[in-house]
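Below you'll find the structure, written out as structure tokens, and then a few comments.
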Amino acid sequence: MRRNHRYQDRVNRVLDYVAEHLDGDLSLARLSAVACFSPFHFHRIFQGTTGETLNSHVRRVRLERAALLMRTSPRERITGIALKVGFSGTAEFSRAFRNHFDKTASSWDRRSPLEKSKICKAPEMLSFHTEEELKRWAANGMRARILRFNAFRYVYTRIFAPYGNSRLVECYHALTAWLTKGHIDLREIVFIGMSLDDPSITPSEHCRYDLGIAFPREPGGILAEIIRSRGGSSRPVASVPEQSECEAQGLTIRDFTPQQVVSIHCIGDIAHEERAWHYLYRIWLPSSGFVPADLPATELFVRLPEEIGWQTFDLETCIPVVRC
């Protein structure tokens with residue numbers, strides 16, 4: 001079982017590397033080196049673990065990142081976006097976009113879901129809100145804030161195809177059991193979910209969601225704000241889990257450096273949270289002077305399910321951003 005986890009951990013490392021280096025060298029030789037596997041075998045290991053070939057995954061993630069940039073930067077030229085995500089030029093990008101989404105990049109309005117793609121998404125599962133609806137929703141007390149993540153260690157489990165089943169809930173209970181066993185006070189850490197894919201672009205079977213625990217390495221920032229709100233000390237925890245300790249439990253670690261984010265504090269059901277994401281991506285970002293950073297969107301649990309259940313959420317919905 002540990003051996004299987006080590007393989008999964010190495011593949012996770014490659015998935016993260018791909019997402020962070022879309023405009024770089026993503027060849028088999030480079031990615032097998034990231035995973036510390038022989039290039040003669042890594043393409044089979046990757047496909048056996050993820051269900052996709054390495055080339056298909058790289059192409060899909062580049063296209064999905066391009067679609068996200070087109071949506072959040074509607075004035076940016078297609079050529080510039082194509083180069084940013086690793087295509088050699090407009091012609092190559094246009095062919096790939098049409099083959100993947102069954103429409104040309106230039107014909108997409110950059111707002112509506114890409115539900116007619118050849119990747120067989122179920123369009124009835126996707127909600128679409130007009131800009132007027134989102135602006136009215138935001139005018140009812142919703143406020144986007146620019147905040148800061150200070151450095152933290154993230155201990156997490158990666159969940160594949162996380163929606164429409166009990167995998168997220170089961171993962172949460174496993175993580176809380178691990179914390180209890182280690183005598184770690186829930187008030188001194190923050191649960192964070194990281195959505196690595198946009199369900200309106202990525203088919204559900206390929207969606208990935210990381211659920212884990214943030215252990216602050218320095219005081220201040222939004223993590224300290226949440227910890228204080230729950231009665232914690234907001235000081236960095238005395239003992240941050242080490243890699244060997246996490247691996248023994250089938251958990252993965254990732255260290256995050258300080259990062260600026262835009263956030264909306266969202267209290268309500270899943271539809272309320274969905275509107276927050278739509279507002280940030282479609283209304284706030286295009287007019288903000290910011291673009292999304294090459295990091296996942298995050299959900300910070302302000303109050304935990306033990307307190308409010310699973311039907312209502314109290315979250316900071318955050319997008320890491322950088323100045324244009």
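Chain labels A, B, ... are given in the sequence in which chains occur in the structure tokens; within each chain residues are numbered consecutively from 1, and ligands are likewise numbered from 1 in the order shown.
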Dump as JSON lines the rows for residues of region 91-182 of chain A within 9 Å of region 227-249 of chain A: closest atom pair and distance in Å with one decimal, only C-alpha atoms counted, ordered by chain and rising residue number.
```
{"residue": "A:Phe152", "atom": "CA", "partner": "A:Pro236", "partner_atom": "CA", "distance": 8.9}
{"residue": "A:Arg153", "atom": "CA", "partner": "A:Val240", "partner_atom": "CA", "distance": 7.4}
{"residue": "A:Val155", "atom": "CA", "partner": "A:Cys246", "partner_atom": "CA", "distance": 7.3}
{"residue": "A:Tyr156", "atom": "CA", "partner": "A:Cys246", "partner_atom": "CA", "distance": 9.0}
{"residue": "A:Trp178", "atom": "CA", "partner": "A:Gln249", "partner_atom": "CA", "distance": 8.2}
```
*Taking the backbone alone, and naming residues the way the document does, which bits of region 23-148 of chain A are strand (DSSP E) by DSSP, as a ChimeraX atom specification?*
/A:144-148
Residues of region 25-71 of chain A within 10 Å of region 268-289 of chain A: nearest atom pair and distance (Å, one decimal) for each, counting only C-alpha atoms, sorted by chain and number, as JSON lines?
```
{"residue": "A:Leu68", "atom": "CA", "partner": "A:Tyr281", "partner_atom": "CA", "distance": 8.5}
{"residue": "A:Leu69", "atom": "CA", "partner": "A:Tyr281", "partner_atom": "CA", "distance": 9.6}
{"residue": "A:Met70", "atom": "CA", "partner": "A:Pro286", "partner_atom": "CA", "distance": 9.8}
{"residue": "A:Arg71", "atom": "CA", "partner": "A:Arg282", "partner_atom": "CA", "distance": 6.8}
```
Please save all heavy atoms of the selected residues as a PDB file, in the first residue's frame.
```
ATOM      1  N   LEU A  68      -9.641  29.335 -19.576  1.00  0.00           N
ATOM      2  CA  LEU A  68      -9.775  30.147 -18.367  1.00  0.00           C
ATOM      3  C   LEU A  68      -9.244  31.555 -18.608  1.00  0.00           C
ATOM      4  O   LEU A  68      -9.865  32.555 -18.223  1.00  0.00           O
ATOM      5  CB  LEU A  68      -9.029  29.487 -17.209  1.00  0.00           C
ATOM      6  CG  LEU A  68      -8.981  30.273 -15.900  1.00  0.00           C
ATOM      7  CD1 LEU A  68     -10.389  30.493 -15.355  1.00  0.00           C
ATOM      8  CD2 LEU A  68      -8.128  29.536 -14.870  1.00  0.00           C
ATOM      9  N   LEU A  69      -8.081  31.676 -19.257  1.00  0.00           N
ATOM     10  CA  LEU A  69      -7.516  32.997 -19.536  1.00  0.00           C
ATOM     11  C   LEU A  69      -8.404  33.781 -20.501  1.00  0.00           C
ATOM     12  O   LEU A  69      -8.571  34.995 -20.355  1.00  0.00           O
ATOM     13  CB  LEU A  69      -6.111  32.850 -20.115  1.00  0.00           C
ATOM     14  CG  LEU A  69      -5.033  32.365 -19.146  1.00  0.00           C
ATOM     15  CD1 LEU A  69      -3.722  32.130 -19.880  1.00  0.00           C
ATOM     16  CD2 LEU A  69      -4.817  33.371 -18.013  1.00  0.00           C
ATOM     17  N   MET A  70      -8.991  33.103 -21.475  1.00  0.00           N
ATOM     18  CA  MET A  70      -9.892  33.789 -22.397  1.00  0.00           C
ATOM     19  C   MET A  70     -11.114  34.322 -21.667  1.00  0.00           C
ATOM     20  O   MET A  70     -11.600  35.416 -21.946  1.00  0.00           O
ATOM     21  CB  MET A  70     -10.320  32.827 -23.512  1.00  0.00           C
ATOM     22  CG  MET A  70      -9.199  32.494 -24.493  1.00  0.00           C
ATOM     23  SD  MET A  70      -9.659  31.185 -25.660  1.00  0.00           S
ATOM     24  CE  MET A  70     -10.915  32.030 -26.638  1.00  0.00           C
ATOM     25  N   ARG A  71     -11.600  33.548 -20.700  1.00  0.00           N
ATOM     26  CA  ARG A  71     -12.782  33.974 -19.945  1.00  0.00           C
ATOM     27  C   ARG A  71     -12.466  35.148 -19.027  1.00  0.00           C
ATOM     28  O   ARG A  71     -13.254  36.081 -18.898  1.00  0.00           O
ATOM     29  CB  ARG A  71     -13.320  32.797 -19.131  1.00  0.00           C
ATOM     30  CG  ARG A  71     -14.501  33.158 -18.238  1.00  0.00           C
ATOM     31  CD  ARG A  71     -14.972  31.946 -17.461  1.00  0.00           C
ATOM     32  NE  ARG A  71     -15.585  30.964 -18.326  1.00  0.00           N
ATOM     33  CZ  ARG A  71     -15.814  29.709 -17.984  1.00  0.00           C
ATOM     34  NH1 ARG A  71     -15.427  29.273 -16.796  1.00  0.00           N
ATOM     35  NH2 ARG A  71     -16.411  28.883 -18.813  1.00  0.00           N
TER      36      ARG A  71
END
```
Practice problem: Run DSSP on the backbone and grab whatever in region 203-317 of chain A lands in alpha helix (DSSP H); send it over as a ChimeraX atom specification. | Solution: /A:221-229,243-248,270-279,305-308
Emit the selected residues as an mmCIF file, in the first residue's frame, including N, CA, C and O atoms.
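See out-v8.cif below for the written result:
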```cif
data_model
loop_
_atom_site.group_PDB
_atom_site.id
_atom_site.type_symbol
_atom_site.label_atom_id
_atom_site.label_comp_id
_atom_site.auth_asym_id
_atom_site.auth_seq_id
_atom_site.Cartn_x
_atom_site.Cartn_y
_atom_site.Cartn_z
ATOM 1 N N GLY A 221 -1.907 37.251 7.759
ATOM 2 C CA GLY A 221 -2.601 36.810 6.560
ATOM 3 C C GLY A 221 -3.971 36.223 6.843
ATOM 4 O O GLY A 221 -4.452 36.193 7.983
ATOM 5 N N ILE A 222 -4.600 35.728 5.805
ATOM 6 C CA ILE A 222 -5.966 35.237 5.916
ATOM 7 C C ILE A 222 -6.068 33.978 6.767
ATOM 8 O O ILE A 222 -7.066 33.745 7.446
ATOM 9 N N LEU A 223 -5.020 33.144 6.769
ATOM 10 C CA LEU A 223 -5.071 31.948 7.615
ATOM 11 C C LEU A 223 -5.155 32.338 9.086
ATOM 12 O O LEU A 223 -5.940 31.775 9.853
ATOM 13 N N ALA A 224 -4.346 33.308 9.485
ATOM 14 C CA ALA A 224 -4.393 33.780 10.875
ATOM 15 C C ALA A 224 -5.752 34.398 11.202
ATOM 16 O O ALA A 224 -6.272 34.236 12.311
ATOM 17 N N GLU A 225 -6.338 35.079 10.230
ATOM 18 C CA GLU A 225 -7.656 35.692 10.433
ATOM 19 C C GLU A 225 -8.706 34.618 10.733
ATOM 20 O O GLU A 225 -9.532 34.770 11.645
ATOM 21 N N ILE A 226 -8.683 33.521 9.985
ATOM 22 C CA ILE A 226 -9.648 32.440 10.203
ATOM 23 C C ILE A 226 -9.385 31.751 11.537
ATOM 24 O O ILE A 226 -10.319 31.443 12.293
ATOM 25 N N ILE A 227 -8.127 31.491 11.843
ATOM 26 C CA ILE A 227 -7.789 30.826 13.111
ATOM 27 C C ILE A 227 -8.239 31.666 14.297
ATOM 28 O O ILE A 227 -8.804 31.145 15.272
ATOM 29 N N ARG A 228 -8.026 32.973 14.247
ATOM 30 C CA ARG A 228 -8.483 33.854 15.334
ATOM 31 C C ARG A 228 -9.997 33.808 15.472
ATOM 32 O O ARG A 228 -10.531 33.836 16.588
ATOM 33 N N SER A 229 -10.709 33.740 14.339
ATOM 34 C CA SER A 229 -12.172 33.734 14.387
ATOM 35 C C SER A 229 -12.709 32.486 15.083
ATOM 36 O O SER A 229 -13.841 32.480 15.563
ATOM 37 N N GLN A 243 7.552 15.131 6.102
ATOM 38 C CA GLN A 243 7.144 14.344 4.951
ATOM 39 C C GLN A 243 7.012 12.865 5.279
ATOM 40 O O GLN A 243 6.050 12.211 4.868
ATOM 41 N N SER A 244 7.960 12.318 6.036
ATOM 42 C CA SER A 244 7.915 10.887 6.356
ATOM 43 C C SER A 244 6.665 10.550 7.164
ATOM 44 O O SER A 244 6.032 9.506 6.955
ATOM 45 N N GLU A 245 6.292 11.425 8.077
ATOM 46 C CA GLU A 245 5.094 11.222 8.892
ATOM 47 C C GLU A 245 3.836 11.216 8.025
ATOM 48 O O GLU A 245 2.925 10.394 8.224
ATOM 49 N N CYS A 246 3.792 12.128 7.047
ATOM 50 C CA CYS A 246 2.619 12.212 6.180
ATOM 51 C C CYS A 246 2.551 11.030 5.228
ATOM 52 O O CYS A 246 1.483 10.455 4.997
ATOM 53 N N GLU A 247 3.681 10.657 4.652
ATOM 54 C CA GLU A 247 3.703 9.532 3.724
ATOM 55 C C GLU A 247 3.241 8.236 4.380
ATOM 56 O O GLU A 247 2.595 7.396 3.751
ATOM 57 N N ALA A 248 3.577 8.080 5.664
ATOM 58 C CA ALA A 248 3.171 6.869 6.381
ATOM 59 C C ALA A 248 1.650 6.749 6.469
ATOM 60 O O ALA A 248 1.120 5.642 6.625
ATOM 61 N N ILE A 270 -24.585 25.415 -1.853
ATOM 62 C CA ILE A 270 -23.659 25.245 -2.959
ATOM 63 C C ILE A 270 -23.951 26.222 -4.091
ATOM 64 O O ILE A 270 -23.036 26.679 -4.789
ATOM 65 N N ALA A 271 -25.226 26.596 -4.280
ATOM 66 C CA ALA A 271 -25.570 27.553 -5.330
ATOM 67 C C ALA A 271 -24.997 28.928 -5.022
ATOM 68 O O ALA A 271 -24.563 29.657 -5.923
ATOM 69 N N HIS A 272 -24.985 29.290 -3.738
ATOM 70 C CA HIS A 272 -24.413 30.572 -3.328
ATOM 71 C C HIS A 272 -22.911 30.591 -3.612
ATOM 72 O O HIS A 272 -22.368 31.582 -4.125
ATOM 73 N N GLU A 273 -22.242 29.501 -3.272
ATOM 74 C CA GLU A 273 -20.803 29.414 -3.545
ATOM 75 C C GLU A 273 -20.531 29.472 -5.048
ATOM 76 O O GLU A 273 -19.581 30.127 -5.497
ATOM 77 N N GLU A 274 -21.362 28.806 -5.828
ATOM 78 C CA GLU A 274 -21.174 28.798 -7.283
ATOM 79 C C GLU A 274 -21.259 30.212 -7.848
ATOM 80 O O GLU A 274 -20.478 30.595 -8.722
ATOM 81 N N ARG A 275 -22.203 31.007 -7.330
ATOM 82 C CA ARG A 275 -22.316 32.388 -7.802
ATOM 83 C C ARG A 275 -21.064 33.188 -7.463
ATOM 84 O O ARG A 275 -20.649 34.056 -8.231
ATOM 85 N N ALA A 276 -20.463 32.910 -6.309
ATOM 86 C CA ALA A 276 -19.232 33.614 -5.938
ATOM 87 C C ALA A 276 -18.126 33.351 -6.954
ATOM 88 O O ALA A 276 -17.417 34.276 -7.382
ATOM 89 N N TRP A 277 -17.979 32.086 -7.364
ATOM 90 C CA TRP A 277 -16.950 31.764 -8.365
ATOM 91 C C TRP A 277 -17.258 32.441 -9.689
ATOM 92 O O TRP A 277 -16.357 33.007 -10.334
ATOM 93 N N HIS A 278 -18.513 32.378 -10.112
ATOM 94 C CA HIS A 278 -18.884 33.015 -11.373
ATOM 95 C C HIS A 278 -18.597 34.517 -11.322
ATOM 96 O O HIS A 278 -18.085 35.093 -12.294
ATOM 97 N N TYR A 279 -18.937 35.151 -10.216
ATOM 98 C CA TYR A 279 -18.720 36.596 -10.099
ATOM 99 C C TYR A 279 -17.223 36.929 -10.167
ATOM 100 O O TYR A 279 -16.819 37.857 -10.887
ATOM 101 N N PRO A 305 -17.687 21.444 9.120
ATOM 102 C CA PRO A 305 -18.958 20.707 9.032
ATOM 103 C C PRO A 305 -19.498 20.246 10.379
ATOM 104 O O PRO A 305 -20.718 20.107 10.534
ATOM 105 N N GLU A 306 -18.618 19.983 11.352
ATOM 106 C CA GLU A 306 -19.112 19.593 12.683
ATOM 107 C C GLU A 306 -20.005 20.673 13.284
ATOM 108 O O GLU A 306 -20.876 20.391 14.103
ATOM 109 N N GLU A 307 -19.786 21.905 12.868
ATOM 110 C CA GLU A 307 -20.546 23.028 13.427
ATOM 111 C C GLU A 307 -21.778 23.369 12.593
ATOM 112 O O GLU A 307 -22.843 23.682 13.149
ATOM 113 N N ILE A 308 -21.665 23.311 11.260
ATOM 114 C CA ILE A 308 -22.764 23.785 10.407
ATOM 115 C C ILE A 308 -23.291 22.732 9.440
ATOM 116 O O ILE A 308 -24.197 23.015 8.654
#
```
Review point. So which one's closest to Ala66 (chain A), A:Ile264, A:Ile201, A:Leu134, A:Ala161? Using only C-alpha atoms, please.
Key: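 With only C-alpha atoms as the atom set, the closest residue is A:Ile201.
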| task | Write out as a PyMOL selection string which residues come within 12 Å of region 108-115 of chain A when counting only C-alpha atoms, dropping same-chain ones fewer than 5 positions away. | result | chain A and resi 63-64+66-78+94+97-98+100-103+120-131+198-204+278-279+281-283+286
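Across A:Gly89, A:Asn55, A:Cys266, A:Ile184, the tightest approach to Thr312 (chain A) is made by A:Cys266 when counting only C-alpha atoms.
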